[in-house]
Structures are given as C-alpha cells and as structure tokens.
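As stored in target23.txt (compact mmCIF, C-alpha atoms):
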# COMPACT_ATOMS: atom_id res chain seq x y z
CA MET A 1 15.82 11.12 44.39
CA THR A 2 13.28 9.85 41.89
CA SER A 3 11.12 12.09 39.73
CA LYS A 4 7.71 11.08 38.53
CA LEU A 5 5.36 12.66 36.01
CA LYS A 6 1.72 11.55 36.21
CA VAL A 7 -0.59 12.33 33.31
CA ASN A 8 -3.43 10.56 31.58
CA LEU A 9 -3.46 12.77 28.49
CA ILE A 10 -0.79 14.34 26.28
CA ASN A 11 -1.97 16.87 23.68
CA ASP A 12 -0.24 18.70 20.85
CA SER A 13 -0.23 22.49 20.43
CA GLY A 14 -3.61 22.29 18.66
CA ASP A 15 -5.09 20.53 21.72
CA ASN A 16 -5.40 17.24 19.82
CA ASN A 17 -4.94 14.05 21.88
CA ILE A 18 -1.64 12.36 21.06
CA ILE A 19 -1.42 9.83 23.92
CA THR A 20 -4.09 8.86 26.44
CA SER A 21 -3.98 6.47 29.38
CA ASP A 22 -6.86 4.61 31.00
CA GLY A 23 -5.15 4.80 34.41
CA SER A 24 -4.19 1.12 34.50
CA GLY A 25 -1.20 1.21 32.15
CA SER A 26 -2.95 0.92 28.79
CA LEU A 27 -1.95 3.63 26.32
CA THR A 28 -3.76 4.76 23.21
CA THR A 29 -1.68 6.62 20.63
CA GLN A 30 -3.09 8.84 17.94
CA LYS A 31 -1.74 9.34 14.44
CA ILE A 32 1.84 8.23 15.04
CA LEU A 33 1.92 6.07 11.90
CA TYR A 34 -0.97 7.76 10.14
CA PRO A 35 -2.22 7.98 7.48
CA ALA A 36 -2.08 4.25 6.81
CA PHE A 37 -3.81 1.90 4.39
CA HIS A 38 -4.02 -1.81 3.55
CA VAL A 39 -5.96 -2.85 0.44
CA THR A 40 -6.71 -6.06 -1.46
CA ARG A 41 -8.89 -7.26 -4.34
CA SER A 42 -12.40 -8.53 -3.67
CA SER A 43 -12.27 -10.66 -6.83
CA THR A 44 -9.82 -11.48 -9.62
CA GLN A 45 -8.72 -8.81 -12.10
CA SER A 46 -7.81 -9.72 -15.67
CA ILE A 47 -4.33 -8.53 -16.63
CA GLY A 48 -3.72 -8.32 -20.38
CA ASN A 49 -0.58 -9.72 -21.99
CA SER A 50 2.30 -7.24 -22.42
CA SER A 51 0.42 -4.28 -20.98
CA ASN A 52 1.25 -2.28 -17.89
CA THR A 53 -2.06 -2.54 -16.01
CA LYS A 54 -3.14 -0.52 -12.97
CA ILE A 55 -4.19 -2.79 -10.13
CA GLN A 56 -7.69 -1.97 -9.00
CA TRP A 57 -7.44 -2.40 -5.23
CA ASN A 58 -11.16 -2.34 -4.41
CA ASN A 59 -11.24 -3.82 -0.91
CA GLU A 60 -10.07 -1.64 2.00
CA ILE A 61 -8.86 -3.54 5.04
CA LEU A 62 -7.55 -0.33 6.63
CA ASP A 63 -7.81 3.30 5.54
CA THR A 64 -7.24 5.51 8.57
CA ASP A 65 -7.75 8.89 6.88
CA ASN A 66 -9.98 7.98 3.90
CA ALA A 67 -6.95 8.64 1.70
CA PHE A 68 -7.30 5.53 -0.50
CA ASP A 69 -9.74 5.67 -3.43
CA SER A 70 -10.93 2.08 -3.82
CA SER A 71 -13.74 2.75 -6.30
CA THR A 72 -12.58 5.14 -9.06
CA ASN A 73 -8.85 5.89 -9.32
CA TYR A 74 -7.51 3.08 -7.08
CA ARG A 75 -4.84 5.31 -5.56
CA PHE A 76 -3.51 6.55 -2.25
CA THR A 77 -3.57 10.35 -1.87
CA PRO A 78 -2.51 11.27 1.67
CA GLN A 79 -3.37 14.72 3.00
CA VAL A 80 -0.46 14.66 5.48
CA ALA A 81 3.00 15.50 4.15
CA GLY A 82 5.90 13.27 5.09
CA ASN A 83 7.97 10.20 4.36
CA TYR A 84 6.00 7.04 3.61
CA PHE A 85 6.71 3.33 3.39
CA ILE A 86 4.72 1.82 0.48
CA ALA A 87 4.62 -1.88 -0.44
CA MET A 88 2.78 -4.39 -2.58
CA HIS A 89 2.62 -8.16 -3.13
CA VAL A 90 1.02 -9.79 -6.18
CA ARG A 91 0.46 -13.23 -7.60
CA LEU A 92 -0.84 -14.16 -11.04
CA ASN A 93 -3.12 -17.19 -11.38
CA SER A 94 -0.82 -18.96 -13.81
CA SER A 95 1.57 -21.88 -13.73
CA THR A 96 3.13 -20.71 -17.03
CA ASP A 97 6.73 -19.57 -16.84
CA ALA A 98 7.31 -16.03 -18.07
CA GLU A 99 10.55 -14.08 -18.04
CA GLN A 100 9.30 -10.49 -18.33
CA CYS A 101 6.99 -9.86 -15.43
CA PHE A 102 7.30 -6.73 -13.32
CA ILE A 103 5.50 -4.59 -10.81
CA ASN A 104 5.52 -0.80 -10.59
CA ILE A 105 4.77 1.59 -7.80
CA LYS A 106 4.24 5.07 -9.20
CA LYS A 107 4.28 8.47 -7.54
CA ASN A 108 1.96 10.57 -9.64
CA THR A 109 2.90 9.24 -13.11
CA SER A 110 6.56 8.37 -12.47
CA ASP A 111 7.97 5.00 -11.45
CA ILE A 112 9.48 5.01 -7.98
CA LEU A 113 9.83 1.23 -7.97
CA GLN A 114 10.01 -1.20 -10.88
CA SER A 115 10.83 -4.75 -9.90
CA TYR A 116 11.24 -7.59 -12.40
CA TYR A 117 10.55 -11.21 -11.58
CA LYS A 118 10.08 -14.56 -13.28
CA ASN A 119 6.60 -16.02 -13.06
CA ALA A 120 7.05 -19.69 -12.27
CA TYR A 121 4.17 -21.87 -11.12
CA TYR A 122 2.02 -19.41 -9.20
CA ASN A 123 4.85 -17.65 -7.43
CA GLY A 124 4.27 -14.20 -5.95
CA HIS A 125 6.34 -11.05 -5.96
CA TYR A 126 6.88 -8.29 -3.37
CA GLY A 127 8.22 -4.77 -3.73
CA ALA A 128 8.57 -1.87 -1.30
CA VAL A 129 9.86 1.69 -1.36
CA PHE A 130 10.27 4.79 0.79
CA VAL A 131 8.90 8.00 -0.73
CA ASN A 132 8.25 11.60 0.29
CA LEU A 133 4.68 12.79 -0.38
CA ASN A 134 3.62 16.44 -0.22
CA GLY A 135 0.31 15.84 1.56
CA SER A 136 -1.83 17.65 -0.99
CA SER A 137 -1.52 16.48 -4.58
CA ASP A 138 0.94 13.54 -4.64
CA TYR A 139 -0.58 10.10 -5.10
CA ILE A 140 0.56 6.48 -5.29
CA GLU A 141 -0.65 3.88 -7.81
CA PHE A 142 0.25 0.22 -8.36
CA TYR A 143 0.82 -1.58 -11.69
CA ILE A 144 1.66 -5.05 -12.97
CA HIS A 145 2.95 -6.36 -16.32
CA HIS A 146 3.46 -9.87 -17.71
CA ASN A 147 4.28 -11.60 -20.99
CA ILE A 148 2.61 -14.97 -20.38
CA GLY A 149 0.95 -14.86 -23.81
CA SER A 150 -2.70 -14.22 -22.98
CA SER A 151 -4.69 -12.45 -20.28
CA VAL A 152 -4.13 -13.81 -16.80
CA ASP A 153 -6.07 -13.13 -13.63
CA LEU A 154 -4.55 -11.40 -10.67
CA ASP A 155 -5.21 -13.54 -7.60
CA SER A 156 -7.94 -12.29 -5.26
CA ASN A 157 -6.68 -14.07 -2.14
CA ASP A 158 -5.89 -11.45 0.55
CA GLN A 159 -2.67 -13.27 1.48
CA ASN A 160 -1.40 -13.26 -2.12
CA CYS A 161 -2.36 -9.82 -3.43
CA TYR A 162 -2.28 -6.69 -1.31
CA ALA A 163 -0.80 -3.23 -0.98
CA TYR A 164 -0.16 -1.15 2.08
CA GLY A 165 1.55 1.97 3.26
CA TYR A 166 1.97 4.34 6.16
CA ARG A 167 3.63 7.61 7.10
CA LEU A 168 6.85 7.29 9.09
CA GLY A 169 7.29 9.27 12.29
CA SER A 170 5.22 12.20 13.36
Structure translated into structure tokens:
Amino acid sequence: MTSKLKVNLINDSGDNNIITSDGSGSLTTQKILYPAFHVTRSSTQSIGNSSNTKIQWNNEILDTDNAFDSSTNYRFTPQVAGNYFIAMHVRLNSSTDAEQCFINIKKNTSDILQSYYKNAYYNGHYGAVFVNLNGSSDYIEFYIHHNIGSSVDLDSNDQNCYAYGYRLGS
C-alpha cells in the first residue's frame, strides 16, 4: 500500500508560507536560509598602513531582510536569532610582499575570526566562521590590516572582494 500526501502550500503556525508548489513540480521555499546577504565594494577603498580598517561594503548584491547597512555602519545586523555562517574574501591592489596582513570578522566589537596572510603579488585571502547571533542587537563587521608601508587600495572587483553570510537551518 502506498500513501500519498498532496498539497500545494505548507504554512507555519503563524500562517506564513514556508513551501509552495505551482502544481507541476516546482517548489518555492521561504526563509530557510534567511536572512542572507552578499556585499561588495562599488569602488576601491584606501587602507592605511598598519591600521585595522573597517571595510565599507557599499554594494549590496543580496540582502534578503534589509539587515545589512551599506551606507553608514557597513554591518550586518540580523533580526532573526540563530547560527550564522559568515565569510569574506579580500585582495589588496599591491604587488609588494608584506608579512603582517590580516583580516578580522567581528561580532559587536570582539574578534570572532582573525586570519593572517602574506601579501604576495596581488594574492587574495579568505576567512569564514560560524557564529550565534541574538537577532536583536548583535552585529557583524569586517576589517583588514596590512604593513605594506603606505596606503593601499582594496580591490573593487566583485570576484576579489566580497562578504556574505546566512542563517543556518530554520
């Protein structure tokens, strides 16, 4: 004996659509990996020598819940509590070798990731972390530091400099 359940809409207890079907096998899911964001730079950003500088992500590729401030504080402040995956990739516009380069991802004002790398001929660097956010006041910011000797621009190419994140599970 085979059992079959036919529905075109699944709602949560608040009557919000979670999964819908168009009747031909195509499903639309709602807020399974939300909130989510993906941000880049619309132009270069000058990064001073030997200073930990906040990256001003001012170009939103994706911001599902309007939780990323891309004009003032350049931070992600989700209004949904949960565990999040947060990542960033950066590249400095410099062929100069430098030993003390690092990126930071901060929760509120505390480092949750600090990753050192050697800048060598325009190489990039990636870092990622899992973090629990309370959904009301916690926020995420992104920083970069280098010791190349003078100010260096952060690349503005979307494939070289970006940050993203999303909530895990439901």
Can you list, as a PyMOL selection string, every protein, DNA or RNA residue that comes within 6 Å of Ala36 of chain A when you count only C-alpha atoms, leaving out same-chain residues fewer than 3 positions away?
chain A and resi 63-64+165-166
Show me, as a short mmCIF file (atom, residue, chain, number, x, y, z; two decimals) with C-alpha atoms, in the coordinates of the input, the residues that have an atom within 8 Å of Tyr164 of chain A when counting only C-alpha atoms, minus same-chain residues fewer than 5 positions from it.
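The new file selection-v4.cif reads:
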data_model
loop_
_atom_site.label_atom_id
_atom_site.label_comp_id
_atom_site.auth_asym_id
_atom_site.auth_seq_id
_atom_site.Cartn_x
_atom_site.Cartn_y
_atom_site.Cartn_z
CA ALA A 36 -2.08 4.25 6.81
CA PHE A 37 -3.81 1.90 4.39
CA HIS A 38 -4.02 -1.81 3.55
CA VAL A 39 -5.96 -2.85 0.44
CA ILE A 86 4.72 1.82 0.48
CA ALA A 87 4.62 -1.88 -0.44
CA MET A 88 2.78 -4.39 -2.58
#
So which residues fall inside 9 Å of (-0.1, 3.5, -9.5) if we count all atoms listed in the file? Mind giving them as a ChimeraX atom specification?
/A:54-55,74-76,104-111,139-143
Serialized selection, C-alpha atoms, as a short mmCIF file (atom, residue, chain, number, x, y, z; two decimals), in the frame of the given file:
data_model
loop_
_atom_site.label_atom_id
_atom_site.label_comp_id
_atom_site.auth_asym_id
_atom_site.auth_seq_id
_atom_site.Cartn_x
_atom_site.Cartn_y
_atom_site.Cartn_z
CA LYS A 54 -3.14 -0.52 -12.97
CA ILE A 55 -4.19 -2.79 -10.13
CA TYR A 74 -7.51 3.08 -7.08
CA ARG A 75 -4.84 5.31 -5.56
CA PHE A 76 -3.51 6.55 -2.25
CA ASN A 104 5.52 -0.80 -10.59
CA ILE A 105 4.77 1.59 -7.80
CA LYS A 106 4.24 5.07 -9.20
CA LYS A 107 4.28 8.47 -7.54
CA ASN A 108 1.96 10.57 -9.64
CA THR A 109 2.90 9.24 -13.11
CA SER A 110 6.56 8.37 -12.47
CA ASP A 111 7.97 5.00 -11.45
CA TYR A 139 -0.58 10.10 -5.10
CA ILE A 140 0.56 6.48 -5.29
CA GLU A 141 -0.65 3.88 -7.81
CA PHE A 142 0.25 0.22 -8.36
CA TYR A 143 0.82 -1.58 -11.69
#
At what distance in Å, to one decimal, does atom CA of Gln56 of chain A lie from atom CA of Ser156 of chain A?
11.0 Å
Please provide the set of residues having any atom within 8 Å of Asn93 of chain A, restricted to all atoms listed in the file, with same-chain residues fewer than 6 positions apart removed, written as number ranges by chain.
A: 122, 152-155
Counting all atoms listed in the file, the option among A:Asn58, A:Ser42, A:Ser71, A:Gln100 closest to Gln159 of chain A
A:Ser42
Would you work out the distance separating atom CA of Gly169 of chain A from atom CA of Thr72 of chain A, expressed in Å to one decimal?
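Result for atom CA of Gly169 of chain A versus atom CA of Thr72 of chain A: 29.5 Å, one decimal.
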